[in-house]
Structures are given as structure tokens and as C-alpha cells.
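Okay, protein_0.txt now, which holds compact mmCIF, C-alpha atoms and all ligand atoms:
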# COMPACT_ATOMS: atom_id res chain seq x y z
CA MET D 158 19.48 -28.39 26.81
CA ILE D 159 17.03 -25.95 25.26
CA GLU D 160 13.84 -27.19 23.71
CA LEU D 161 11.31 -25.14 21.77
CA ARG D 162 8.07 -27.09 21.53
CA LYS D 163 5.35 -26.12 19.08
CA ILE D 164 6.13 -22.45 19.41
CA SER D 165 3.91 -19.97 17.60
CA LYS D 166 3.91 -16.20 17.74
CA THR D 167 1.42 -13.71 16.43
CA TYR D 168 1.29 -9.98 16.98
CA ASN D 169 -2.21 -8.67 17.69
CA GLY D 170 -3.69 -11.99 16.65
CA LYS D 171 -2.61 -11.38 13.05
CA ASP D 172 -0.42 -13.60 10.86
CA LYS D 173 1.81 -16.16 12.49
CA ILE D 174 5.32 -14.73 12.65
CA ILE D 175 6.51 -18.03 14.10
CA ASP D 176 4.55 -21.06 13.08
CA ASN D 177 4.58 -24.24 15.16
CA LEU D 178 8.35 -24.26 15.51
CA ASN D 179 10.22 -27.12 17.15
CA LEU D 180 13.91 -26.99 17.96
CA ILE D 181 16.21 -28.91 20.28
CA ILE D 182 19.58 -27.44 21.15
CA ASN D 183 22.05 -29.57 23.08
CA GLU D 184 24.38 -28.20 25.70
CA GLY D 185 27.67 -26.90 24.34
CA GLU D 186 26.43 -26.61 20.75
CA ILE D 187 26.55 -23.58 18.50
CA ILE D 188 23.35 -23.39 16.51
CA ALA D 189 23.00 -21.01 13.59
CA LEU D 190 19.56 -19.67 12.71
CA ILE D 191 19.69 -18.58 9.13
CA GLY D 192 17.12 -17.25 6.68
CA GLU D 193 15.92 -14.23 4.76
CA SER D 194 15.21 -10.95 6.46
CA GLY D 195 11.89 -11.08 8.29
CA CYS D 196 11.68 -14.88 8.50
CA GLY D 197 11.62 -14.78 12.31
CA LYS D 198 15.21 -15.38 13.42
CA THR D 199 15.38 -12.54 15.94
CA THR D 200 11.89 -13.33 17.23
CA THR D 201 12.80 -16.99 17.76
CA MET D 202 15.95 -15.99 19.59
CA LYS D 203 14.21 -13.38 21.74
CA MET D 204 11.72 -15.96 22.94
CA ILE D 205 14.52 -17.96 24.55
CA ASN D 206 15.12 -15.17 27.05
CA LEU D 207 11.47 -14.09 26.96
CA LEU D 208 12.16 -10.72 25.40
CA GLU D 209 9.23 -11.93 23.28
CA LYS D 210 6.60 -14.20 24.73
CA PRO D 211 5.39 -17.08 22.58
CA SER D 212 1.67 -16.97 21.78
CA SER D 213 1.58 -20.72 22.26
CA GLY D 214 3.95 -23.59 22.92
CA GLU D 215 6.59 -24.30 25.51
CA ILE D 216 10.24 -23.42 25.94
CA LEU D 217 12.17 -25.76 28.19
CA ILE D 218 15.62 -25.11 29.54
CA ASN D 219 17.04 -28.20 31.18
CA GLY D 220 13.54 -29.66 31.27
CA ILE D 221 11.90 -26.67 32.96
CA ASN D 222 9.29 -24.59 31.18
CA ILE D 223 10.60 -21.01 31.36
CA ILE D 224 7.37 -19.29 30.39
CA ASN D 225 6.41 -18.74 34.00
CA SER D 226 9.92 -18.35 35.38
CA ASN D 227 11.44 -15.23 36.91
CA ILE D 228 12.24 -13.18 33.80
CA THR D 229 14.91 -11.00 35.40
CA GLU D 230 16.76 -13.98 36.73
CA LEU D 231 16.42 -15.79 33.40
CA ARG D 232 17.85 -12.87 31.42
CA ARG D 233 20.78 -12.44 33.75
CA ASN D 234 21.69 -16.03 33.10
CA ILE D 235 21.55 -15.77 29.35
CA GLY D 236 24.15 -13.68 27.52
CA TYR D 237 22.82 -11.58 24.67
CA VAL D 238 24.64 -9.87 21.84
CA ILE D 239 22.05 -7.79 20.02
CA GLN D 240 21.71 -7.17 16.30
CA LYS D 241 23.29 -3.70 16.55
CA VAL D 242 26.19 -3.74 18.99
CA GLY D 243 24.21 -1.86 21.62
CA LEU D 244 26.95 -0.72 23.96
CA PHE D 245 25.83 2.06 26.27
CA PRO D 246 27.62 5.17 24.95
CA HIS D 247 27.83 6.95 28.28
CA MET D 248 29.49 3.97 29.97
CA THR D 249 33.12 2.95 29.67
CA VAL D 250 34.10 -0.41 28.21
CA GLY D 251 34.56 -1.73 31.73
CA GLU D 252 31.17 -0.49 32.86
CA ASN D 253 29.51 -1.99 29.82
CA ILE D 254 31.07 -5.38 30.43
CA GLU D 255 30.26 -5.30 34.12
CA LEU D 256 26.59 -4.47 33.68
CA VAL D 257 25.19 -7.87 34.58
CA PRO D 258 27.86 -8.74 37.20
CA LYS D 259 26.91 -5.46 38.89
CA LEU D 260 23.23 -6.38 38.83
CA LYS D 261 24.26 -9.68 40.32
CA LYS D 262 25.99 -7.68 43.05
CA TRP D 263 29.50 -8.90 42.43
CA ASN D 264 31.99 -6.70 44.30
CA LYS D 265 34.11 -4.18 42.37
CA GLU D 266 37.28 -6.19 42.51
CA LYS D 267 35.72 -9.38 41.20
CA ARG D 268 34.01 -7.39 38.43
CA LYS D 269 37.20 -5.74 37.27
CA GLU D 270 39.06 -9.02 37.38
CA LYS D 271 36.36 -10.53 35.16
CA SER D 272 36.49 -7.56 32.76
CA TYR D 273 40.24 -7.88 32.40
CA GLU D 274 39.99 -11.62 31.82
CA LEU D 275 37.31 -11.14 29.15
CA LEU D 276 39.10 -8.28 27.40
CA LYS D 277 42.13 -10.54 27.07
CA LEU D 278 39.88 -13.32 25.85
CA VAL D 279 38.56 -11.13 23.02
CA ASP D 280 42.10 -9.99 22.27
CA LEU D 281 41.92 -6.42 23.54
CA ASP D 282 44.51 -5.04 25.96
CA PRO D 283 42.64 -4.20 29.20
CA GLU D 284 45.15 -1.48 30.10
CA ILE D 285 44.25 0.35 26.92
CA PHE D 286 40.55 -0.38 26.56
CA TYR D 287 39.05 -0.71 30.04
CA ASN D 288 38.44 3.01 30.50
CA ARG D 289 37.59 3.92 26.93
CA TYR D 290 34.12 4.86 25.71
CA PRO D 291 32.39 2.98 22.89
CA GLN D 292 32.75 5.87 20.40
CA GLU D 293 36.52 5.61 20.83
CA LEU D 294 36.47 2.07 19.42
CA SER D 295 36.31 0.68 15.89
CA GLY D 296 33.29 -1.37 14.85
CA GLY D 297 35.21 -4.61 15.30
CA GLN D 298 36.43 -3.59 18.75
CA GLN D 299 32.88 -2.66 19.78
CA GLN D 300 31.71 -6.06 18.63
CA ARG D 301 34.42 -7.72 20.73
CA ILE D 302 33.20 -5.75 23.74
CA GLY D 303 29.67 -6.89 22.92
CA ILE D 304 30.85 -10.49 23.09
CA ALA D 305 32.84 -9.89 26.25
CA ARG D 306 29.76 -8.35 27.82
CA SER D 307 27.60 -11.33 26.92
CA LEU D 308 30.10 -13.61 28.66
CA ALA D 309 30.50 -11.47 31.76
CA ALA D 310 28.26 -13.29 34.19
CA ASP D 311 29.36 -16.74 33.02
CA PRO D 312 26.04 -17.61 31.43
CA LYS D 313 25.68 -21.12 30.05
CA ILE D 314 23.57 -19.86 27.15
CA ILE D 315 24.45 -17.02 24.81
CA LEU D 316 22.20 -15.51 22.17
CA MET D 317 23.97 -13.70 19.37
CA ASP D 318 21.93 -11.78 16.82
CA GLU D 319 23.99 -11.16 13.69
CA PRO D 320 26.92 -10.10 15.85
CA PHE D 321 29.36 -9.68 12.98
CA SER D 322 27.14 -8.49 10.16
CA ALA D 323 28.23 -4.85 10.23
CA LEU D 324 31.93 -5.68 9.96
CA ASP D 325 34.25 -5.81 6.99
CA PRO D 326 35.00 -9.34 5.77
CA LEU D 327 38.48 -9.53 7.30
CA THR D 328 37.47 -8.35 10.77
CA ARG D 329 34.47 -10.61 10.52
CA GLU D 330 36.62 -13.67 9.85
CA MET D 331 38.92 -12.73 12.71
CA LEU D 332 36.00 -12.47 15.12
CA GLN D 333 34.54 -15.76 13.89
CA ASP D 334 37.88 -17.42 14.64
CA GLU D 335 37.93 -15.68 17.99
CA LEU D 336 34.46 -16.95 18.81
CA LEU D 337 35.45 -20.51 17.91
CA LYS D 338 38.54 -20.21 20.09
CA ILE D 339 36.47 -18.88 23.00
CA GLN D 340 33.93 -21.64 22.47
CA SER D 341 36.61 -24.34 22.57
CA GLU D 342 37.64 -22.96 25.96
CA LEU D 343 34.24 -22.22 27.46
CA GLN D 344 31.78 -24.62 25.75
CA LYS D 345 28.73 -22.39 25.95
CA THR D 346 25.43 -23.16 24.30
CA ILE D 347 25.22 -20.52 21.61
CA ILE D 348 22.31 -19.55 19.39
CA PHE D 349 23.75 -17.49 16.60
CA VAL D 350 21.63 -15.64 14.05
CA THR D 351 23.15 -14.88 10.70
CA HIS D 352 22.26 -14.04 7.10
CA ASP D 353 25.49 -15.46 5.87
CA MET D 354 25.70 -19.13 4.90
CA ASP D 355 29.51 -19.16 4.91
CA GLU D 356 29.48 -17.83 8.46
CA ALA D 357 26.92 -20.45 9.53
CA ILE D 358 28.92 -23.26 7.94
CA LYS D 359 32.09 -22.06 9.60
CA ILE D 360 30.93 -21.64 13.14
CA ALA D 361 27.83 -23.76 13.68
CA ASP D 362 27.55 -27.35 14.86
CA LYS D 363 24.06 -27.34 13.42
CA ILE D 364 22.20 -24.96 11.14
CA ALA D 365 18.46 -24.25 11.20
CA VAL D 366 17.29 -22.85 7.88
CA MET D 367 14.19 -20.73 8.46
CA LYS D 368 11.49 -19.43 6.15
CA ASP D 369 8.20 -17.74 7.04
CA GLY D 370 8.47 -18.54 10.73
CA LYS D 371 9.22 -22.23 10.18
CA ILE D 372 12.36 -24.29 10.32
CA LEU D 373 12.73 -26.00 6.96
CA GLN D 374 15.82 -28.03 7.81
CA PHE D 375 17.89 -28.46 10.94
CA ASP D 376 21.06 -30.45 10.60
CA ARG D 377 24.84 -30.44 10.61
CA PRO D 378 26.29 -28.08 8.00
CA GLU D 379 27.74 -30.85 5.84
CA GLN D 380 24.40 -32.66 5.82
CA ILE D 381 22.61 -29.52 4.68
CA LEU D 382 25.21 -28.99 1.98
CA LYS D 383 25.04 -32.59 0.85
CA ASN D 384 21.32 -33.11 1.15
CA PRO D 385 19.40 -29.85 1.02
CA LYS D 386 15.84 -30.84 1.79
CA ASN D 387 14.18 -28.80 -0.90
CA GLU D 388 14.77 -26.35 -3.72
CA TYR D 389 14.46 -23.31 -1.51
CA ILE D 390 17.30 -24.50 0.71
CA GLU D 391 19.35 -25.36 -2.34
CA PHE D 392 18.76 -21.86 -3.64
CA PHE D 393 19.55 -20.35 -0.26
CA ILE D 394 22.80 -22.29 0.04
CA GLY D 395 23.79 -21.24 -3.44
CA LYS D 396 24.91 -23.61 -6.18
CA GLU D 397 28.60 -22.93 -5.64
CA ARG D 398 28.45 -24.20 -2.07
CA LEU D 399 26.49 -27.38 -2.70
CA TRP D 400 28.56 -30.33 -1.77
CA LYS D 401 28.08 -32.71 -4.61
CA THR D 402 29.10 -36.31 -4.41
CA PRO D 403 29.65 -38.19 -7.68
CA GLU D 404 26.28 -39.89 -7.19
CA MET D 405 24.58 -36.51 -7.12
CA VAL D 406 26.10 -35.30 -10.37
CA LEU D 407 24.09 -36.42 -13.38
CA ALA D 408 25.06 -36.81 -17.01
CA LYS D 409 22.88 -33.81 -17.88
CA ASP D 410 24.88 -31.65 -15.42
CA ILE D 411 28.19 -32.62 -16.98
CA MET D 412 27.40 -32.75 -20.67
CA GLN D 413 28.10 -30.02 -23.14
CA LYS D 414 25.01 -29.12 -25.06
CA LYS D 415 26.83 -27.93 -28.15
CA PHE D 416 29.02 -30.35 -30.03
CA ALA D 417 30.02 -31.08 -33.60
CA LYS D 418 27.41 -32.97 -35.56
CA ILE D 419 26.22 -33.45 -39.08
CA ASN D 420 22.93 -34.49 -40.60
CA LYS D 421 22.92 -38.01 -42.07
CA GLU D 422 22.22 -36.56 -45.53
CA GLY D 423 25.33 -34.35 -45.31
CA SER D 424 28.21 -35.03 -47.63
CA VAL D 425 31.57 -36.39 -46.59
CA ALA D 426 33.14 -33.19 -47.90
CA LYS D 427 30.94 -31.21 -45.54
CA ALA D 428 31.90 -33.54 -42.68
CA ILE D 429 35.59 -32.93 -43.32
CA GLU D 430 34.97 -29.21 -43.49
CA ILE D 431 33.23 -29.23 -40.09
CA MET D 432 35.97 -31.37 -38.54
CA LYS D 433 38.60 -28.91 -39.73
CA GLU D 434 36.64 -25.84 -38.72
CA LYS D 435 35.86 -27.12 -35.23
CA SER D 436 39.17 -28.95 -34.77
CA VAL D 437 37.43 -32.16 -33.79
CA GLU D 438 38.09 -35.73 -34.78
CA THR D 439 34.67 -37.03 -33.96
CA LEU D 440 31.52 -35.96 -35.66
CA PHE D 441 28.14 -37.31 -34.67
CA VAL D 442 25.74 -38.20 -37.39
CA VAL D 443 22.20 -37.24 -36.52
CA GLU D 444 18.77 -37.34 -37.99
CA LYS D 445 16.35 -34.52 -37.42
CA ILE D 446 13.03 -35.74 -36.02
CA ARG D 447 11.39 -32.36 -35.64
CA GLU D 448 12.49 -28.84 -34.72
CA GLY D 449 14.99 -29.06 -31.86
CA SER D 450 14.93 -32.84 -31.74
CA GLN D 451 17.56 -35.14 -33.16
CA LYS D 452 18.29 -38.84 -32.99
CA ILE D 453 21.79 -40.17 -33.17
CA LEU D 454 22.63 -42.62 -35.93
CA GLY D 455 26.37 -42.98 -35.76
CA VAL D 456 29.73 -41.37 -35.66
CA ILE D 457 32.34 -40.31 -38.17
CA THR D 458 36.07 -40.17 -37.45
CA PRO D 459 39.03 -39.88 -39.86
CA LYS D 460 39.32 -43.66 -39.52
CA ASN D 461 35.90 -44.17 -41.07
CA LEU D 462 36.95 -42.00 -43.95
CA LYS D 463 40.01 -44.07 -44.85
CA SER D 464 38.15 -45.68 -47.71
CA TYR D 465 37.07 -42.28 -48.95
CA ASP D 466 39.65 -41.56 -51.61
CA ASN D 467 38.35 -38.27 -52.79
CA PHE D 468 39.51 -36.28 -49.80
CA PHE D 469 40.01 -33.00 -51.58
CA SER D 470 37.01 -33.03 -53.82
CA ASN D 471 33.77 -31.24 -53.22
CA ASP D 472 31.79 -34.21 -54.36
CA LYS D 473 28.38 -33.89 -52.76
CA SER D 474 27.22 -37.37 -53.72
CA ASN D 475 29.07 -39.19 -50.95
CA LYS D 476 26.85 -39.14 -47.91
CA VAL D 477 28.22 -39.46 -44.41
CA LYS D 478 25.67 -42.12 -43.57
CA GLU D 479 27.48 -44.51 -45.91
CA TYR D 480 30.76 -44.07 -44.05
CA MET D 481 29.69 -43.65 -40.49
CA SER D 482 30.21 -46.24 -37.83
CA GLU D 483 27.37 -47.21 -35.56
CA LYS D 484 29.79 -47.78 -32.72
CA TYR D 485 29.12 -45.11 -30.19
CA ILE D 486 28.00 -45.23 -26.63
CA SER D 487 25.23 -43.38 -25.01
CA VAL D 488 23.93 -42.86 -21.51
CA ASP D 489 20.64 -41.63 -20.22
CA GLU D 490 20.74 -37.98 -19.12
CA ASN D 491 19.88 -39.05 -15.57
CA SER D 492 22.78 -41.51 -15.19
CA ASN D 493 25.12 -40.37 -12.48
CA MET D 494 28.76 -39.51 -12.80
CA LEU D 495 29.95 -42.86 -11.45
CA ASP D 496 27.99 -44.72 -14.13
CA VAL D 497 29.48 -42.44 -16.76
CA LEU D 498 33.02 -42.97 -15.46
CA ASN D 499 32.52 -46.72 -15.41
CA ILE D 500 31.24 -46.79 -18.97
CA MET D 501 34.05 -44.54 -20.14
CA SER D 502 36.74 -46.76 -18.70
CA ALA D 503 35.09 -50.15 -19.39
CA LYS D 504 34.42 -49.43 -23.03
CA ASN D 505 37.44 -47.24 -23.53
CA PHE D 506 35.40 -44.59 -25.28
CA ARG D 507 36.36 -40.97 -24.95
CA ASN D 508 33.07 -39.38 -25.91
CA ILE D 509 29.67 -40.39 -24.67
CA VAL D 510 26.40 -39.29 -26.19
CA VAL D 511 23.70 -38.25 -23.74
CA LEU D 512 20.10 -39.15 -24.56
CA ASN D 513 16.83 -38.13 -22.97
CA SER D 514 13.96 -40.50 -22.24
CA LEU D 515 12.75 -40.16 -25.85
CA GLU D 516 16.20 -41.28 -27.00
CA GLU D 517 16.86 -37.86 -28.48
CA VAL D 518 20.41 -36.50 -28.34
CA VAL D 519 20.73 -33.79 -25.72
CA GLY D 520 24.48 -33.51 -25.27
CA LEU D 521 27.93 -34.98 -25.24
CA ILE D 522 30.30 -35.88 -22.44
CA THR D 523 34.00 -35.60 -23.16
CA PRO D 524 37.02 -36.17 -20.90
CA THR D 525 37.26 -32.38 -20.52
CA SER D 526 33.70 -32.12 -19.25
CA MET D 527 34.52 -34.85 -16.71
CA LEU D 528 37.63 -33.01 -15.53
CA ASN D 529 35.70 -29.77 -15.12
CA ILE D 530 33.11 -31.38 -12.92
CA ILE D 531 35.66 -33.26 -10.83
CA SER D 532 37.30 -29.97 -9.89
CA GLU D 533 33.88 -28.54 -9.10
CA ILE D 534 32.76 -31.22 -6.70
CA SER D 535 35.68 -30.94 -4.35
CA PRO D 536 34.60 -28.97 -1.28
CA SER D 537 35.10 -25.23 -1.60
CA LYS D 538 37.73 -25.09 1.12
CA ASP D 539 40.01 -27.34 -0.90
CA LYS D 540 39.49 -25.06 -3.84
CA GLU D 541 40.78 -22.13 -1.83
CA VAL D 542 43.90 -24.05 -0.91
CA ASN D 543 44.51 -24.88 -4.56
CA GLU D 544 44.17 -21.26 -5.50
CA ILE D 545 46.73 -20.23 -2.93
CA GLU D 546 49.12 -22.88 -4.16
N1 LIG W 601 6.64 -5.96 17.52
C1 LIG W 601 6.25 -6.45 16.33
N2 LIG W 601 4.99 -6.24 15.88
C2 LIG W 601 4.58 -6.74 14.70
N3 LIG W 601 5.36 -7.45 13.88
C3 LIG W 601 6.63 -7.68 14.26
C4 LIG W 601 7.15 -7.19 15.49
N4 LIG W 601 8.43 -7.58 15.62
C5 LIG W 601 8.71 -8.28 14.50
N5 LIG W 601 7.65 -8.33 13.67
C6 LIG W 601 7.57 -9.02 12.38
O1 LIG W 601 7.95 -10.37 12.58
C7 LIG W 601 8.65 -10.85 11.44
C8 LIG W 601 9.92 -11.51 11.89
O2 LIG W 601 10.80 -10.54 12.43
P1 LIG W 601 12.25 -10.88 12.93
O3 LIG W 601 12.82 -9.65 13.52
O4 LIG W 601 12.18 -12.08 13.78
O5 LIG W 601 12.95 -11.25 11.57
P2 LIG W 601 14.48 -11.62 11.30
O6 LIG W 601 14.46 -12.96 10.65
O7 LIG W 601 15.29 -11.45 12.51
O8 LIG W 601 14.86 -10.55 10.19
P3 LIG W 601 16.26 -9.75 9.98
O9 LIG W 601 17.16 -10.70 9.26
O10 LIG W 601 15.85 -8.61 9.10
O11 LIG W 601 16.78 -9.31 11.30
C9 LIG W 601 8.85 -9.66 10.52
O12 LIG W 601 7.91 -9.76 9.48
C10 LIG W 601 8.57 -8.47 11.40
O13 LIG W 601 8.03 -7.41 10.65
MG MG W 602 16.79 -10.09 13.05

Structure translated into C-alpha cells:
Amino acid sequence: MIELRKISKTYNGKDKIIDNLNLIINEGEIIALIGESGCGKTTTMKMINLLEKPSSGEILINGINIINSNITELRRNIGYVIQKVGLFPHMTVGENIELVPKLKKWNKEKRKEKSYELLKLVDLDPEIFYNRYPQELSGGQQQRIGIARSLAADPKIILMDEPFSALDPLTREMLQDELLKIQSELQKTIIFVTHDMDEAIKIADKIAVMKDGKILQFDRPEQILKNPKNEYIEFFIGKERLWKTPEMVLAKDIMQKKFAKINKEGSVAKAIEIMKEKSVETLFVVEKIREGSQKILGVITPKNLKSYDNFFSNDKSNKVKEYMSEKYISVDENSNMLDVLNIMSAKNFRNIVVLNSLEEVVGLITPTSMLNIISEISPSKDKEVNEIE
């Protein structure tokens, strides 16, 4: 287990780059540190192998404060994949992978055996790649070597700083899958820095969202998606990824703001004209309170107009308010989707008027708006499957 306790970091006594940060990472977990550029991800990660020293606070690994430990020994026991691949260009793939085993004085045979095993693990043929130089590899292959190298001395902890960020999306996905496969075999404790929320969601057991040197939220991906702690996290996750449950979707999110309506002083002829023009059967009768504010009075449907026998005239004297029905249902804009569904089915109404706290009309919910939102709230992965189908 790794524990960061009240860690702060300043450079030259200036602003706090890391500000009183607490983090507990359990053995065998993959943790993603995510946040905007400059928020302190790399710094946080580097403090775990003391490439950066905290200005204050403690870092415990298995209960032991590492601050005063033997740094060389510590680093050899923590794998590190740096932000840019960082293979040594003048060394072969094999030599790169065997760097730490060599420092640990493993004999040549054992080192080569390990290299071969790791190359196979990252899906590269050792016979082809062992003696190559980094510049003879593609970006994705270099990144695989970077991972192999971090695993070489069998460290329990691996730090990975944006290991896949320079890769094209396809290679990136392949390497993410590879990492998950490796992790299911080796169960390392991995701290993984990324800019990419999709990547974090895919690979991490828990995600720490960072901003200005602080962790704003640290939780399982689905919890962060379901319950982002504040607006910044919501923004960072992106609306399209938010995992909405029906309780989280409100009438005001579903409603359409534009719908067919007519002022109570309008004529029946005008009402019929609007119905025809907009191809609707329901017209809401409203009264203007002030600019941009309307109250609902009733509803007009062809049924209400049965008694109107002058269908084809332009008679302006018949007002809609004399024909309208007052039977309509409304919900408050903050009612959730479940309430709306219940009302729709209990009262057997197709259209529901949405009112704000001043009882002004703000929108309309129709069966189509419900269908749209139902397709939206299914998790994005399901959406992909549907698209493929
Ligand atoms: N040696 C240093 N001296 C002074 N400031 C530094 C030093 N190293 C990093 N910083 C500052 O600390 C802040 C955090 O840097 P860090 O590298 O941890 O960010 P990051 O979240 O990893 O960003 P990125 O996503 O761009 O890699 C930045 O504002 C950076 O300028
Ligand atoms: Mg960084």
C-alpha cells in the first residue's frame, strides 16, 4: 500500500505546486491521476520514487516512510515509464530492458531470459526486436519497450506518466488492452498519469481528478461519472460521458423549449392555422404576463373544436379561450424523469407542460423528448454497440 499524507511541494518557497495532498493506493490497484496540464500529476508521481522530494508531508510504502530511505534502492524497486518514452538511443532494445536488472547484478542469462519473457508479454517477437535500436521501432513499439523495461526487475509498483499519449488512437487502444492483460497476470500497483478521461475510465480501478495541486475527487470511475463532486469535474468529464440515472435527469433537461402555443385572445381560425402549419394536434393556450413570461391557461385540440362549426371561415370573433379545455398536466421544471414518467403513464397524457417556480411555462415534454433522453442515459459503451449493430 502507498499512502501520501499531507504532501505539499513548493519550488524555491514560491507557490504550492502540490497542496496538502492525501492519497491512499491499495496493492494491486491501477490508479489514474488525471487533470489539466500543469496541475501537478507528474510531480505527484515523481514524489513516489523521490525523483522530487516533498516540501512537507509523508509518503509511506507498506507503512514505512520513504523520505529517508535509500533512494537508489527505492527507485530500482519502482518501475517508471516516463512522459516521453525515454529509451536510450545508443542501447539496443535488450540493453534498454535490462538496465535495472543489470544494476541489480543479475547474470547475463537471467537478464536475457527476462527480456525475452517481457518482449513476448508486450507482444513483440524477441527474435526480431531484441537487438534492434530504438530508432528502428515505431512509436507504439517503443512504448511497448518502455513498459517492458518498467517491468524488468519485477517491481511491485509501476509509475506510468502518460505512457500512451503520443500514439495514434488505434495503437493507444491496443496498448491499453495490453496493459490490462499484463495487469491481470501480474497484479502490480500502478499509478498512471493521463490527460484522457476515456483512457482513465478504461484502465483505472480508481481515478484521482486533480486541479491546482489538489485532488478534487478520488473514486471508482463509475462513481465519478455518476456523482461528479463539483462543476469542474463535471466539465472535465464532459457532458457526453456523464452517467445519468433517471433520478438525475430533470424535467428542464428533457423538455423542448419551443412548442406550439397561442395567446388566449387569439382566434380559433388562427389556432387552426398554427396547428396545420406546425402539424400538431395540441396547442397550448397561454397568457402573456410580461416580456418572455407566459402562464398556461389551457389546451386546444381538434376535439375541443368540434362545436366550432365555422371551420373554414376567417372569423376573428371566436376566441380560443372559449373553446379551450383546462385539462392539461404540468410538472415543476425540477421534477425528475421518474416523476415525469409516472405522471405520463398514470394520467395517460402524452404532453406535459413544464413550469418554473413562478408557475410560468418554460417548456413541454412529449413522448419524443422522453425517448431521446432514454437513449442518452444509457452508458456510452452500450451506445457504441448499438451503432455497430
Ligand atoms: N523544477 C521545477 N521548478 C519550478 N516549477 C516546476 C518545476 N517542475 C514543475 N514545475 C511546475 O509545477 C507545476 C506542475 O507540474 P507537473 O509537471 O507536475 O504538471 P502535470 O500535471 O504533469 O502537467 P502535464 O500534463 O503538462 O504533464 C507546473 O506549473 C510546473 O510549471
Ligand atoms: Mg506531466

Practice task
Step by step, measure atom-to-atom distances between ligand LIG 601 (chain W) and each residue using all atoms listed in the file, keep those at most 6 Å, then write them as a PyMOL selection string.
Solution key: chain D and resi 168+174+193-200

Go ahead and save the residues from that selection, with C-alpha atoms, as an mmCIF file, in the frame of the given file.
data_model
loop_
_atom_site.group_PDB
_atom_site.id
_atom_site.type_symbol
_atom_site.label_atom_id
_atom_site.label_comp_id
_atom_site.auth_asym_id
_atom_site.auth_seq_id
_atom_site.Cartn_x
_atom_site.Cartn_y
_atom_site.Cartn_z
ATOM 1 C CA TYR D 168 1.290 -9.980 16.980
ATOM 2 C CA ILE D 174 5.320 -14.730 12.650
ATOM 3 C CA GLU D 193 15.920 -14.230 4.760
ATOM 4 C CA SER D 194 15.210 -10.950 6.460
ATOM 5 C CA GLY D 195 11.890 -11.080 8.290
ATOM 6 C CA CYS D 196 11.680 -14.880 8.500
ATOM 7 C CA GLY D 197 11.620 -14.780 12.310
ATOM 8 C CA LYS D 198 15.210 -15.380 13.420
ATOM 9 C CA THR D 199 15.380 -12.540 15.940
ATOM 10 C CA THR D 200 11.890 -13.330 17.230
#

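The nearest approach to ligand MG 602 (chain W) among the residues D:Asp489, D:Glu379, D:Glu391, D:Asp318, with only C-alpha atoms and all ligand atoms taken into account, belongs to D:Asp318.
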
#### Entry: Near-Gln333 in chain D list (7 Å; all atoms listed in the file; drop same-chain fewer than 4 positions) as number ranges by chain
D: 329, 337, 360

At a cut-off of 12 Å, can you tabulate as JSON lines every residue of range 426-447 of chain D near range 520-528 of chain D together with its closest atom pair and the distance in Å to one decimal, using only C-alpha atoms and ordering rows by chain then number?
{"residue": "D:Val437", "atom": "CA", "partner": "D:Thr523", "partner_atom": "CA", "distance": 11.7}
{"residue": "D:Thr439", "atom": "CA", "partner": "D:Thr523", "partner_atom": "CA", "distance": 10.9}
{"residue": "D:Leu440", "atom": "CA", "partner": "D:Leu521", "partner_atom": "CA", "distance": 11.1}
{"residue": "D:Phe441", "atom": "CA", "partner": "D:Leu521", "partner_atom": "CA", "distance": 9.7}

Between CA of Leu382 in chain D and CA of Leu399 in chain D lies a distance of 5.1 Å

Once you add 8 Å to each side, what are the centre and edge lengths of the axis-aligned box holding all listed atoms of range 246-252 of chain D? One decimal in Å, as JSON, if you can.
{"center_x": 31.1, "center_y": 2.6, "center_z": 28.9, "size_x": 22.9, "size_y": 24.7, "size_z": 23.9}

Using only C-alpha atoms and all ligand atoms, the shortest atom-to-atom distance to ligand MG 602 (chain W) among D:Asn499, D:Thr229, D:Thr167, D:Ser322 belongs to D:Ser322

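Distance-wise, CA of Phe245 in chain D and CA of Tyr290 in chain D end up 8.8 Å apart.
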
Any idea what's packed within 8 Å of Glu438 in chain D, counting all atoms listed in the file, ignoring anything in its chain fewer than 4 positions away? Could you give it as a PyMOL selection string?
chain D and resi 432+458-459

Store the residues picked out above in a file with C-alpha atoms, as a PDB file, in the frame of the given file.
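Heads up, here's the output in again_30.pdb:
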ATOM      1  CA  MET D 432      35.970 -31.370 -38.540  1.00  0.00           C
ATOM      2  CA  THR D 458      36.070 -40.170 -37.450  1.00  0.00           C
ATOM      3  CA  PRO D 459      39.030 -39.880 -39.860  1.00  0.00           C
TER       4      PRO D 459
END

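When all atoms listed in the file are used to compute distances to ligand MG 602 (chain W), the closest of the residues D:Ile218, D:Ile429, D:Ile304, D:Met367 turns out to be D:Met367.
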
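Rounded to one decimal, CA of Pro258 in chain D and CA of Glu270 in chain D lie 11.2 Å from each other.
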
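Among the candidates D:Lys262, D:Lys267, D:Arg377, D:Lys277, the one nearest to Ala189 in chain D when counting all atoms listed in the file is D:Arg377.
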
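Among the candidate residues D:Met405, D:Met202, D:Met248, D:Ile302, the one lying nearest to Ile315 in chain D is D:Met202, with distances computed using only C-alpha atoms.
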
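Distances from D:Val257, D:Ile216, D:Val477, D:Leu231 to Lys421 in chain D were compared using all atoms listed in the file, and the smallest one belongs to D:Val477.
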
Inset, instruction - Compile the contact shell of Glu516 in chain D as a ChimeraX atom specification: residues with an atom at most 10 Å away, counting all atoms listed in the file, same-chain residues fewer than 4 positions apart removed. - result: /D:450-453,487-490,511-512

*Name the residues in contact with Ser482 in chain D at a cut-off of 8 Å, using all atoms listed in the file, excluding same-chain residues fewer than 2 positions from it; report them as a list in words.*
Gly455, Val456, Ile457, Asn461, Tyr480, Lys484 and Tyr485 of chain D
